[in-house]
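K.L.:
My structure file input-v5.cif, mmCIF, C-alpha atoms, pLDDT in the B column; chains and numbers go by the auth columns, is below:
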```
data_start
loop_
_atom_site.group_PDB
_atom_site.id
_atom_site.type_symbol
_atom_site.label_atom_id
_atom_site.label_comp_id
_atom_site.label_asym_id
_atom_site.label_seq_id
_atom_site.Cartn_x
_atom_site.Cartn_y
_atom_site.Cartn_z
_atom_site.B_iso_or_equiv
_atom_site.auth_seq_id
_atom_site.auth_asym_id
ATOM 1 C CA MET A 1 13.011 4.702 -0.905 91.00 698 B
ATOM 2 C CA VAL A 2 14.024 2.224 1.796 93.00 699 B
ATOM 3 C CA LEU A 3 12.420 4.387 4.487 94.00 700 B
ATOM 4 C CA GLY A 4 9.280 4.546 2.360 93.00 701 B
ATOM 5 C CA VAL A 5 9.029 0.771 1.974 94.00 702 B
ATOM 6 C CA VAL A 6 9.547 0.248 5.718 95.00 703 B
ATOM 7 C CA CYS A 7 6.866 2.814 6.596 96.00 704 B
ATOM 8 C CA ILE A 8 4.402 1.292 4.120 94.00 705 B
ATOM 9 C CA GLY A 9 4.954 -2.122 5.700 95.00 706 B
ATOM 10 C CA ILE A 10 4.502 -0.715 9.212 96.00 707 B
ATOM 11 C CA GLY A 11 1.361 1.149 8.170 94.00 708 B
ATOM 12 C CA SER A 12 -0.086 -1.987 6.591 94.00 709 B
ATOM 13 C CA GLY A 13 0.539 -3.995 9.762 95.00 710 B
ATOM 14 C CA PHE A 14 -1.086 -1.283 11.891 95.00 711 B
ATOM 15 C CA PHE A 15 -4.130 -1.185 9.612 93.00 712 B
ATOM 16 C CA ARG A 16 -4.523 -4.956 9.886 92.00 713 B
ATOM 17 C CA TYR A 17 -4.204 -4.883 13.678 93.00 714 B
ATOM 18 C CA ALA A 18 -6.756 -2.064 14.017 92.00 715 B
ATOM 19 C CA GLY A 19 -9.237 -4.210 12.090 89.00 716 B
ATOM 20 C CA PHE A 20 -11.165 -1.401 10.398 90.00 717 B
ATOM 21 C CA GLY A 21 -10.113 -2.190 6.841 87.00 718 B
ATOM 22 C CA ALA A 22 -7.130 -1.128 4.761 86.00 719 B
ATOM 23 C CA ASP A 23 -6.309 -0.007 1.228 86.00 720 B
ATOM 24 C CA PRO A 24 -8.003 -1.866 -1.673 88.00 721 B
ATOM 25 C CA PHE A 25 -4.926 -3.867 -2.753 90.00 722 B
ATOM 26 C CA THR A 26 -4.319 -5.049 0.818 91.00 723 B
ATOM 27 C CA THR A 27 -8.039 -5.827 1.135 90.00 724 B
ATOM 28 C CA MET A 28 -7.902 -8.137 -1.871 92.00 725 B
ATOM 29 C CA ASN A 29 -4.728 -9.851 -0.712 93.00 726 B
ATOM 30 C CA LEU A 30 -6.036 -10.352 2.819 91.00 727 B
ATOM 31 C CA GLY A 31 -9.208 -11.944 1.499 90.00 728 B
ATOM 32 C CA ILE A 32 -7.480 -14.268 -0.952 92.00 729 B
ATOM 33 C CA SER A 33 -4.653 -15.218 1.420 92.00 730 B
ATOM 34 C CA SER A 34 -7.239 -16.132 4.065 89.00 731 B
ATOM 35 C CA LEU A 35 -9.151 -18.255 1.570 89.00 732 B
ATOM 36 C CA LEU A 36 -5.991 -20.042 0.408 91.00 733 B
ATOM 37 C CA ASN A 37 -4.624 -20.347 3.974 91.00 734 B
ATOM 38 C CA LEU A 38 -1.394 -18.554 3.045 92.00 735 B
ATOM 39 C CA SER A 39 0.409 -15.818 4.931 93.00 736 B
ATOM 40 C CA PHE A 40 -0.412 -12.316 3.746 94.00 737 B
ATOM 41 C CA GLY A 41 3.224 -11.649 2.851 94.00 738 B
ATOM 42 C CA THR A 42 3.537 -14.791 0.726 95.00 739 B
ATOM 43 C CA TRP A 43 0.324 -14.167 -1.197 95.00 740 B
ATOM 44 C CA GLN A 44 1.156 -10.495 -1.748 94.00 741 B
ATOM 45 C CA LEU A 45 4.514 -11.513 -3.200 95.00 742 B
ATOM 46 C CA ILE A 46 2.762 -13.992 -5.520 96.00 743 B
ATOM 47 C CA MET A 47 0.242 -11.362 -6.634 95.00 744 B
ATOM 48 C CA ASN A 48 2.974 -8.782 -7.192 95.00 745 B
ATOM 49 C CA ALA A 49 4.922 -11.303 -9.264 95.00 746 B
ATOM 50 C CA ALA A 50 1.825 -11.951 -11.400 95.00 747 B
ATOM 51 C CA LEU A 51 1.232 -8.221 -11.917 94.00 748 B
ATOM 52 C CA PHE A 52 4.907 -7.716 -12.710 95.00 749 B
ATOM 53 C CA ILE A 53 4.559 -9.713 -15.945 94.00 750 B
ATOM 54 C CA PRO A 54 2.388 -7.153 -17.796 92.00 751 B
ATOM 55 C CA VAL A 55 4.466 -4.337 -16.283 92.00 752 B
ATOM 56 C CA LEU A 56 7.622 -5.950 -17.669 92.00 753 B
ATOM 57 C CA LEU A 57 6.003 -6.218 -21.107 91.00 754 B
ATOM 58 C CA TRP A 58 4.273 -2.852 -21.363 89.00 755 B
ATOM 59 C CA GLY A 59 5.429 -0.598 -18.527 88.00 756 B
ATOM 60 C CA ARG A 60 9.182 -0.969 -18.165 89.00 757 B
ATOM 61 C CA LYS A 61 9.662 2.736 -17.461 88.00 758 B
ATOM 62 C CA THR A 62 7.959 2.246 -14.092 89.00 759 B
ATOM 63 C CA ILE A 63 10.399 -0.484 -12.994 92.00 760 B
ATOM 64 C CA GLY A 64 13.270 0.248 -10.618 93.00 761 B
ATOM 65 C CA LEU A 65 14.811 -0.750 -7.313 93.00 762 B
ATOM 66 C CA GLY A 66 11.708 0.515 -5.576 91.00 763 B
ATOM 67 C CA THR A 67 9.579 -1.933 -7.544 93.00 764 B
ATOM 68 C CA ALA A 68 11.539 -4.934 -6.282 93.00 765 B
ATOM 69 C CA ALA A 69 11.699 -3.607 -2.713 93.00 766 B
ATOM 70 C CA ASN A 70 7.948 -3.066 -2.584 93.00 767 B
ATOM 71 C CA MET A 71 7.163 -6.446 -4.144 93.00 768 B
ATOM 72 C CA ILE A 72 9.328 -8.444 -1.761 93.00 769 B
ATOM 73 C CA PHE A 73 9.348 -6.663 1.573 95.00 770 B
ATOM 74 C CA VAL A 74 6.068 -4.813 2.228 94.00 771 B
ATOM 75 C CA GLY A 75 3.920 -7.931 2.737 95.00 772 B
ATOM 76 C CA TYR A 76 6.381 -9.645 5.055 96.00 773 B
ATOM 77 C CA LEU A 77 6.987 -6.431 7.006 96.00 774 B
ATOM 78 C CA SER A 78 3.230 -6.171 7.456 95.00 775 B
ATOM 79 C CA ASP A 79 3.107 -9.747 8.795 96.00 776 B
ATOM 80 C CA ALA A 80 5.964 -9.025 11.221 96.00 777 B
ATOM 81 C CA ILE A 81 4.364 -5.813 12.518 96.00 778 B
ATOM 82 C CA LEU A 82 1.021 -7.559 13.013 94.00 779 B
ATOM 83 C CA PHE A 83 2.764 -10.334 14.981 94.00 780 B
ATOM 84 C CA ILE A 84 4.503 -7.759 17.197 94.00 781 B
ATOM 85 C CA MET A 85 1.301 -5.767 17.752 93.00 782 B
ATOM 86 C CA ASN A 86 -0.634 -8.896 18.720 91.00 783 B
ATOM 87 C CA GLY A 87 2.092 -9.667 21.249 89.00 784 B
ATOM 88 C CA LEU A 88 2.051 -6.166 22.721 86.00 785 B
ATOM 89 C CA PHE A 89 -1.715 -5.657 22.786 81.00 786 B
ATOM 90 C CA ASN A 90 -3.625 -8.883 23.344 74.00 787 B
ATOM 91 C CA GLU A 91 -6.919 -7.089 23.943 75.00 788 B
ATOM 92 C CA SER A 92 -7.161 -3.531 22.639 80.00 789 B
ATOM 93 C CA THR A 93 -9.985 -1.140 23.374 88.00 790 B
ATOM 94 C CA LEU A 94 -11.921 0.530 20.582 88.00 791 B
ATOM 95 C CA ALA A 95 -10.159 3.828 21.335 91.00 792 B
ATOM 96 C CA ILE A 96 -6.688 2.261 20.992 91.00 793 B
ATOM 97 C CA ARG A 97 -7.626 0.555 17.717 91.00 794 B
ATOM 98 C CA LEU A 98 -8.975 3.827 16.299 92.00 795 B
ATOM 99 C CA MET A 99 -5.797 5.624 17.354 94.00 796 B
ATOM 100 C CA ILE A 100 -3.657 2.925 15.722 94.00 797 B
ATOM 101 C CA MET A 101 -5.707 3.249 12.527 93.00 798 B
ATOM 102 C CA VAL A 102 -5.063 7.001 12.389 93.00 799 B
ATOM 103 C CA VAL A 103 -1.350 6.476 13.066 95.00 800 B
ATOM 104 C CA ALA A 104 -1.305 3.819 10.346 94.00 801 B
ATOM 105 C CA MET A 105 -2.761 6.263 7.829 92.00 802 B
ATOM 106 C CA VAL A 106 -0.134 8.906 8.602 94.00 803 B
ATOM 107 C CA ILE A 107 2.794 6.447 8.587 95.00 804 B
ATOM 108 C CA ALA A 108 1.660 4.749 5.370 91.00 805 B
ATOM 109 C CA SER A 109 1.093 8.104 3.644 90.00 806 B
ATOM 110 C CA PHE A 110 4.539 9.311 4.691 94.00 807 B
ATOM 111 C CA GLY A 111 5.971 6.039 3.395 91.00 808 B
ATOM 112 C CA VAL A 112 4.274 6.377 0.015 88.00 809 B
ATOM 113 C CA ALA A 113 5.616 9.928 -0.323 88.00 810 B
ATOM 114 C CA CYS A 114 9.145 8.754 0.556 91.00 811 B
ATOM 115 C CA TYR A 115 8.747 5.937 -1.946 88.00 812 B
ATOM 116 C CA ILE A 116 7.563 8.200 -4.795 83.00 813 B
ATOM 117 C CA VAL A 117 9.951 11.144 -4.475 86.00 814 B
ATOM 118 C CA PRO A 118 13.243 9.321 -5.364 89.00 815 B
ATOM 119 C CA GLU A 119 11.637 8.048 -8.632 88.00 816 B
ATOM 120 C CA LEU A 120 13.218 4.598 -8.292 92.00 817 B
ATOM 121 C CA GLY A 121 10.244 2.677 -9.639 90.00 818 B
ATOM 122 C CA VAL A 122 6.732 1.948 -8.406 86.00 819 B
ATOM 123 C CA ALA A 123 4.891 -1.156 -7.237 90.00 820 B
ATOM 124 C CA PRO A 124 3.315 -3.301 -9.984 92.00 821 B
ATOM 125 C CA TYR A 125 -0.213 -2.453 -8.810 91.00 822 B
ATOM 126 C CA ASP A 126 0.504 1.276 -9.004 86.00 823 B
ATOM 127 C CA ALA A 127 2.110 0.833 -12.426 88.00 824 B
ATOM 128 C CA LEU A 128 -1.021 -0.926 -13.695 89.00 825 B
ATOM 129 C CA GLN A 129 -3.127 2.242 -13.708 87.00 826 B
ATOM 130 C CA LEU A 130 -0.361 4.219 -15.436 84.00 827 B
ATOM 131 C CA MET A 131 -0.236 1.550 -18.140 90.00 828 B
ATOM 132 C CA ILE A 132 -4.009 1.595 -18.625 90.00 829 B
ATOM 133 C CA GLU A 133 -3.967 5.369 -19.105 87.00 830 B
ATOM 134 C CA GLN A 134 -1.012 5.232 -21.483 86.00 831 B
ATOM 135 C CA HIS A 135 -2.192 2.348 -23.655 88.00 832 B
ATOM 136 C CA SER A 136 -5.751 3.656 -23.874 91.00 833 B
ATOM 137 C CA LYS A 137 -4.178 6.885 -25.169 88.00 834 B
ATOM 138 C CA GLY A 138 -5.884 8.865 -22.456 83.00 835 B
ATOM 139 C CA LYS A 139 -9.379 7.530 -23.131 89.00 836 B
ATOM 140 C CA ILE A 140 -9.248 5.984 -19.674 90.00 837 B
ATOM 141 C CA SER A 141 -7.820 8.489 -17.203 86.00 838 B
ATOM 142 C CA TYR A 142 -5.514 7.486 -14.381 79.00 839 B
ATOM 143 C CA ARG A 143 -8.247 8.430 -11.918 80.00 840 B
ATOM 144 C CA ALA A 144 -10.825 6.225 -13.677 86.00 841 B
ATOM 145 C CA ALA A 145 -8.333 3.360 -13.923 88.00 842 B
ATOM 146 C CA ARG A 146 -7.502 3.684 -10.224 84.00 843 B
ATOM 147 C CA ILE A 147 -11.149 3.702 -9.186 86.00 844 B
ATOM 148 C CA GLY A 148 -11.856 0.674 -11.364 90.00 845 B
ATOM 149 C CA CYS A 149 -8.860 -1.305 -10.083 90.00 846 B
ATOM 150 C CA ASP A 150 -9.565 -0.369 -6.460 89.00 847 B
ATOM 151 C CA GLY A 151 -13.219 -1.331 -6.802 89.00 848 B
ATOM 152 C CA LEU A 152 -12.292 -4.684 -8.342 92.00 849 B
ATOM 153 C CA CYS A 153 -9.759 -5.349 -5.565 91.00 850 B
ATOM 154 C CA ILE A 154 -12.295 -4.626 -2.824 89.00 851 B
ATOM 155 C CA ALA A 155 -14.916 -6.838 -4.487 90.00 852 B
ATOM 156 C CA LEU A 156 -12.488 -9.747 -4.911 92.00 853 B
ATOM 157 C CA GLY A 157 -11.246 -9.353 -1.357 89.00 854 B
ATOM 158 C CA VAL A 158 -14.771 -9.331 0.091 88.00 855 B
ATOM 159 C CA ILE A 159 -15.832 -12.392 -1.931 91.00 856 B
ATOM 160 C CA ALA A 160 -12.739 -14.356 -0.888 88.00 857 B
ATOM 161 C CA TRP A 161 -13.006 -13.221 2.761 86.00 858 B
ATOM 162 C CA LEU A 162 -16.651 -14.260 3.012 85.00 859 B
ATOM 163 C CA ALA A 163 -15.844 -17.578 1.347 85.00 860 B
ATOM 164 C CA ALA A 164 -13.244 -18.093 4.065 80.00 861 B
ATOM 165 C CA ASP A 165 -15.864 -17.280 6.752 77.00 862 B
ATOM 166 C CA GLY A 166 -14.153 -14.051 7.801 69.00 863 B
ATOM 167 C CA LYS A 167 -15.803 -11.077 9.521 68.00 864 B
ATOM 168 C CA LEU A 168 -16.550 -8.504 6.833 65.00 865 B
ATOM 169 C CA LEU A 169 -16.201 -5.440 9.068 60.00 866 B
ATOM 170 C CA SER A 170 -12.597 -6.350 9.902 66.00 867 B
ATOM 171 C CA LEU A 171 -11.782 -6.356 6.168 77.00 868 B
ATOM 172 C CA VAL A 172 -13.783 -3.396 4.870 81.00 869 B
ATOM 173 C CA GLY A 173 -14.655 -0.527 7.198 83.00 870 B
ATOM 174 C CA ILE A 174 -13.800 3.042 8.088 85.00 871 B
ATOM 175 C CA GLY A 175 -10.128 2.270 7.450 85.00 872 B
ATOM 176 C CA THR A 176 -10.977 1.477 3.835 84.00 873 B
ATOM 177 C CA ILE A 177 -12.980 4.690 3.491 84.00 874 B
ATOM 178 C CA GLY A 178 -10.181 6.633 5.135 82.00 875 B
ATOM 179 C CA ASN A 179 -7.681 5.204 2.681 80.00 876 B
ATOM 180 C CA VAL A 180 -9.807 6.209 -0.291 78.00 877 B
ATOM 181 C CA LEU A 181 -10.628 9.727 0.935 80.00 878 B
ATOM 182 C CA MET A 182 -7.686 10.815 3.077 81.00 879 B
ATOM 183 C CA MET A 183 -4.464 9.126 2.027 78.00 880 B
ATOM 184 C CA GLY A 184 -4.216 11.014 -1.261 76.00 881 B
ATOM 185 C CA PRO A 185 -4.213 14.461 0.392 84.00 882 B
ATOM 186 C CA ILE A 186 -1.885 13.301 3.193 86.00 883 B
ATOM 187 C CA ILE A 187 0.553 11.799 0.678 82.00 884 B
ATOM 188 C CA GLN A 188 0.466 15.060 -1.291 81.00 885 B
ATOM 189 C CA PHE A 189 1.136 17.019 1.924 88.00 886 B
ATOM 190 C CA PHE A 190 4.317 15.033 2.642 89.00 887 B
ATOM 191 C CA LYS A 191 5.357 14.894 -1.018 84.00 888 B
ATOM 192 C CA ASP A 192 5.135 18.676 -1.423 85.00 889 B
ATOM 193 C CA ARG A 193 7.399 19.201 1.565 86.00 890 B
ATOM 194 C CA MET A 194 9.926 16.597 0.462 87.00 891 B
ATOM 195 C CA THR A 195 10.349 18.260 -2.919 79.00 892 B
ATOM 196 C CA THR A 196 10.959 21.776 -1.597 72.00 893 B
ATOM 197 C CA PRO A 197 14.581 23.058 -1.841 62.00 894 B
ATOM 198 C CA PRO A 198 15.198 23.478 1.942 55.00 895 B
ATOM 199 C CA PHE A 199 14.300 19.834 2.590 52.00 896 B
ATOM 200 C CA GLN A 200 16.380 18.570 -0.306 51.00 897 B
ATOM 201 C CA GLN A 201 19.390 20.663 0.716 49.00 898 B
ATOM 202 C CA THR A 202 19.171 19.405 4.286 51.00 899 B
ATOM 203 C CA LEU A 203 18.731 15.763 3.328 50.00 900 B
ATOM 204 C CA PHE A 204 20.982 15.448 0.290 48.00 901 B
ATOM 205 C CA GLN A 205 23.609 18.161 0.737 51.00 902 B
ATOM 206 C CA SER A 206 27.172 16.942 0.269 45.00 903 B
ATOM 207 C CA ASN A 207 29.663 17.206 3.108 47.00 904 B
ATOM 208 C CA SER A 208 32.232 18.636 0.734 45.00 905 B
#
```
Have the structure of the file written as structure tokens, please.
P.N.:
Amino acid sequence: MVLGVVCIGIGSGFFRYAGFGADPFTTMNLGISSLLNLSFGTWQLIMNAALFIPVLLWGRKTIGLGTAANMIFVGYLSDAILFIMNGLFNESTLAIRLMIMVVAMVIASFGVACYIVPELGVAPYDALQLMIEQHSKGKISYRAARIGCDGLCIALGVIAWLAADGKLLSLVGIGTIGNVLMMGPIIQFFKDRMTTPPFQQTLFQSNS
């Protein structure tokens, strides 16, 4: 779980440095944090805290150590990685930024898989779609809830980013499309291999 949270934070920072867009939740938080002149990590923590309230009331089964770790650390890790990347690469070529975006997608997907497999709780945003499906008694599928929430996040992020006079293509671009189309299959690829017996025996086998 800890490895997963760290990788998600690193992936988020890489996505932001590449400047081709990121996942919908990050898109919204980047837009709003820019508008409010807050650090990304601080605003993401505030947003997670706000989303945690309905999760606490109606989705307690999704809460665990992983929930708290994701809420608190991912945003600030992303800020730290972005700071480091800006120090290492003051002026990156298009090729380097594209390469970093691809690396970000793989690292973030691996992180999400690591984060899911231990079943120690999920982030409030991820719990939201599970709650919608459950409390609608299946009338709204998880997939439909996810698409709706992601679409709303992107729209809010774009509106806030434009209001803050940001460059739209650095917020929503091929990185956003890649997140929507590719991260699911990549996460599933890593998740399937983490749940196979050889991997579990190697990673969790007792020394006794």
K.L.:
When you count all atoms listed in the file, which of these residues is closest to B:Ser775: B:Met879, B:Leu700, B:Ile844, B:Leu727?
P.N.:
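Nearest to B:Ser775: B:Leu727.
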K.L.:
Go through B:Asp776, B:Leu795, B:Gly761, B:Phe737 one by one, measure the shortest atom-to-atom distance of each to B:Gly872 using all atoms listed in the file, and give the residue with the smallest value.
P.N.:
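That would be B:Leu795, the residue with the smallest distance to B:Gly872.
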K.L.:
Translate the PyMOL selection byres ((chain B and resi 869) around 12), as applied to the file shown, into an explicit residue set as a ChimeraX atom specification.
P.N.:
/B:712-713,715-725,727-728,848,850-856,858-859,863-868,870-877
K.L.:
Evaluate the PyMOL selection byres ((chain B and resi 768) around 9) against this structure - the residues, as a PyMOL selection string, please.
P.N.:
chain B and resi 741-746+749+763-767+769-772+820-821
K.L.:
Give me the residues near stretch 805-808 of chain B as a list in words, where near means some atom within 9 Å (using only C-alpha atoms) and where sequence neighbours in that chain fewer than 6 positions away do not count.
P.N.:
Met698, Leu700, Gly701, Val702, Val703, Cys704, Ile705, Gly706, Ile707, Gly708, Ser709, Met880, Gly881, Pro882, Ile883, Ile884, Gln885, Phe886, Phe887 and Lys888 of chain B
K.L.:
Would you work out the distance separating atom CA of B:Leu827 from atom CA of B:Leu732, expressed in Å to one decimal?
P.N.:
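Atom-to-atom, atom CA of B:Leu827 to atom CA of B:Leu732, that is 29.5 Å.
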K.L.:
Considering only C-alpha atoms, can you say which of B:Phe711, B:Asp823, B:Cys811, B:Ile729 comes closest to B:Arg794?
P.N.:
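Looking at the shortest contact to B:Arg794, the residue is B:Phe711.
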K.L.:
Tell me which protein, DNA and RNA residues are within 8 Å of stretch 783-792 of chain B, counting only C-alpha atoms, leaving out same-chain ones fewer than 4 positions away, and put them as number ranges by chain.
P.N.:
B: 714, 779, 796
K.L.:
Counting all atoms listed in the file, which residue out of B:Ala747, B:Leu735, B:Ala824, B:Ala810 sits closest to B:Ile760?
P.N.:
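When distances to B:Ile760 are compared using all atoms listed in the file, the smallest one comes from B:Ala824.
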K.L.:
Atom CA of B:Val814 to atom CA of B:Thr892: how many Å, to one decimal?
P.N.:
7.3 Å
K.L.:
Any idea what the distance is between atom CA of B:Val809 and atom CA of B:Asp889?
P.N.:
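Calculated distance between atom CA of B:Val809 and atom CA of B:Asp889 is 12.4 Å.
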K.L.:
Using all atoms listed in the file, can you tell me which of B:Met828, B:Met891, B:Ile804, B:Ile813 comes closest to B:Arg757?
P.N.:
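When distances to B:Arg757 are compared using all atoms listed in the file, the smallest one comes from B:Met828.
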K.L.:
For stretch 870-880 of chain B of the block above, can you save all heavy atoms as a PDB file, in the first residue's frame?
P.N.:
```
ATOM      1  N   GLY B 870      -5.038  17.244 -22.267  1.00  0.00           N
ATOM      2  CA  GLY B 870      -4.377  16.919 -23.517  1.00  0.00           C
ATOM      3  C   GLY B 870      -4.292  15.423 -23.695  1.00  0.00           C
ATOM      4  O   GLY B 870      -5.125  14.665 -23.195  1.00  0.00           O
ATOM      5  N   ILE B 871      -3.244  14.984 -24.402  1.00  0.00           N
ATOM      6  CA  ILE B 871      -3.125  13.552 -24.680  1.00  0.00           C
ATOM      7  C   ILE B 871      -2.891  12.749 -23.402  1.00  0.00           C
ATOM      8  O   ILE B 871      -3.196  11.559 -23.346  1.00  0.00           O
ATOM      9  CB  ILE B 871      -2.002  13.279 -25.704  1.00  0.00           C
ATOM     10  CG1 ILE B 871      -0.658  13.819 -25.205  1.00  0.00           C
ATOM     11  CG2 ILE B 871      -2.349  13.860 -27.047  1.00  0.00           C
ATOM     12  CD1 ILE B 871       0.503  13.447 -26.110  1.00  0.00           C
ATOM     13  N   GLY B 872      -2.348  13.402 -22.373  1.00  0.00           N
ATOM     14  CA  GLY B 872      -2.182  12.716 -21.088  1.00  0.00           C
ATOM     15  C   GLY B 872      -3.524  12.375 -20.466  1.00  0.00           C
ATOM     16  O   GLY B 872      -3.702  11.308 -19.869  1.00  0.00           O
ATOM     17  N   THR B 873      -4.494  13.284 -20.617  1.00  0.00           N
ATOM     18  CA  THR B 873      -5.838  13.030 -20.111  1.00  0.00           C
ATOM     19  C   THR B 873      -6.476  11.874 -20.872  1.00  0.00           C
ATOM     20  O   THR B 873      -7.071  10.969 -20.276  1.00  0.00           O
ATOM     21  CB  THR B 873      -6.714  14.289 -20.263  1.00  0.00           C
ATOM     22  OG1 THR B 873      -6.014  15.416 -19.742  1.00  0.00           O
ATOM     23  CG2 THR B 873      -8.023  14.131 -19.527  1.00  0.00           C
ATOM     24  N   ILE B 874      -6.361  11.904 -22.188  1.00  0.00           N
ATOM     25  CA  ILE B 874      -6.913  10.829 -23.018  1.00  0.00           C
ATOM     26  C   ILE B 874      -6.247   9.507 -22.684  1.00  0.00           C
ATOM     27  O   ILE B 874      -6.905   8.465 -22.576  1.00  0.00           O
ATOM     28  CB  ILE B 874      -6.731  11.160 -24.513  1.00  0.00           C
ATOM     29  CG1 ILE B 874      -7.494  12.445 -24.871  1.00  0.00           C
ATOM     30  CG2 ILE B 874      -7.202  10.011 -25.387  1.00  0.00           C
ATOM     31  CD1 ILE B 874      -7.206  12.969 -26.255  1.00  0.00           C
ATOM     32  N   GLY B 875      -4.928   9.548 -22.512  1.00  0.00           N
ATOM     33  CA  GLY B 875      -4.200   8.337 -22.158  1.00  0.00           C
ATOM     34  C   GLY B 875      -4.659   7.761 -20.837  1.00  0.00           C
ATOM     35  O   GLY B 875      -4.777   6.537 -20.681  1.00  0.00           O
ATOM     36  N   ASN B 876      -4.916   8.630 -19.868  1.00  0.00           N
ATOM     37  CA  ASN B 876      -5.413   8.177 -18.578  1.00  0.00           C
ATOM     38  C   ASN B 876      -6.749   7.465 -18.717  1.00  0.00           C
ATOM     39  O   ASN B 876      -6.980   6.407 -18.119  1.00  0.00           O
ATOM     40  CB  ASN B 876      -5.567   9.368 -17.623  1.00  0.00           C
ATOM     41  CG  ASN B 876      -4.341   9.598 -16.783  1.00  0.00           C
ATOM     42  OD1 ASN B 876      -4.144   8.965 -15.758  1.00  0.00           O
ATOM     43  ND2 ASN B 876      -3.482  10.503 -17.226  1.00  0.00           N
ATOM     44  N   VAL B 877      -7.636   8.054 -19.511  1.00  0.00           N
ATOM     45  CA  VAL B 877      -8.977   7.487 -19.664  1.00  0.00           C
ATOM     46  C   VAL B 877      -8.937   6.145 -20.400  1.00  0.00           C
ATOM     47  O   VAL B 877      -9.615   5.190 -20.021  1.00  0.00           O
ATOM     48  CB  VAL B 877      -9.882   8.480 -20.417  1.00  0.00           C
ATOM     49  CG1 VAL B 877     -11.234   7.841 -20.734  1.00  0.00           C
ATOM     50  CG2 VAL B 877     -10.099   9.743 -19.585  1.00  0.00           C
ATOM     51  N   LEU B 878      -8.110   6.052 -21.451  1.00  0.00           N
ATOM     52  CA  LEU B 878      -8.123   4.874 -22.310  1.00  0.00           C
ATOM     53  C   LEU B 878      -7.153   3.776 -21.889  1.00  0.00           C
ATOM     54  O   LEU B 878      -7.442   2.586 -22.063  1.00  0.00           O
ATOM     55  CB  LEU B 878      -7.805   5.280 -23.757  1.00  0.00           C
ATOM     56  CG  LEU B 878      -8.799   6.230 -24.435  1.00  0.00           C
ATOM     57  CD1 LEU B 878      -8.336   6.545 -25.849  1.00  0.00           C
ATOM     58  CD2 LEU B 878     -10.200   5.642 -24.449  1.00  0.00           C
ATOM     59  N   MET B 879      -5.998   4.157 -21.336  1.00  0.00           N
ATOM     60  CA  MET B 879      -4.920   3.198 -21.147  1.00  0.00           C
ATOM     61  C   MET B 879      -4.686   2.757 -19.707  1.00  0.00           C
ATOM     62  O   MET B 879      -4.259   1.628 -19.465  1.00  0.00           O
ATOM     63  CB  MET B 879      -3.614   3.770 -21.706  1.00  0.00           C
ATOM     64  CG  MET B 879      -3.622   4.012 -23.202  1.00  0.00           C
ATOM     65  SD  MET B 879      -3.933   2.501 -24.151  1.00  0.00           S
ATOM     66  CE  MET B 879      -2.496   1.527 -23.681  1.00  0.00           C
ATOM     67  N   MET B 880      -4.943   3.628 -18.743  1.00  0.00           N
ATOM     68  CA  MET B 880      -4.561   3.278 -17.379  1.00  0.00           C
ATOM     69  C   MET B 880      -5.342   2.088 -16.842  1.00  0.00           C
ATOM     70  O   MET B 880      -4.801   1.268 -16.093  1.00  0.00           O
ATOM     71  CB  MET B 880      -4.714   4.484 -16.443  1.00  0.00           C
ATOM     72  CG  MET B 880      -3.559   5.465 -16.575  1.00  0.00           C
ATOM     73  SD  MET B 880      -3.471   6.690 -15.255  1.00  0.00           S
ATOM     74  CE  MET B 880      -3.029   5.667 -13.847  1.00  0.00           C
TER      75      MET B 880
END
```
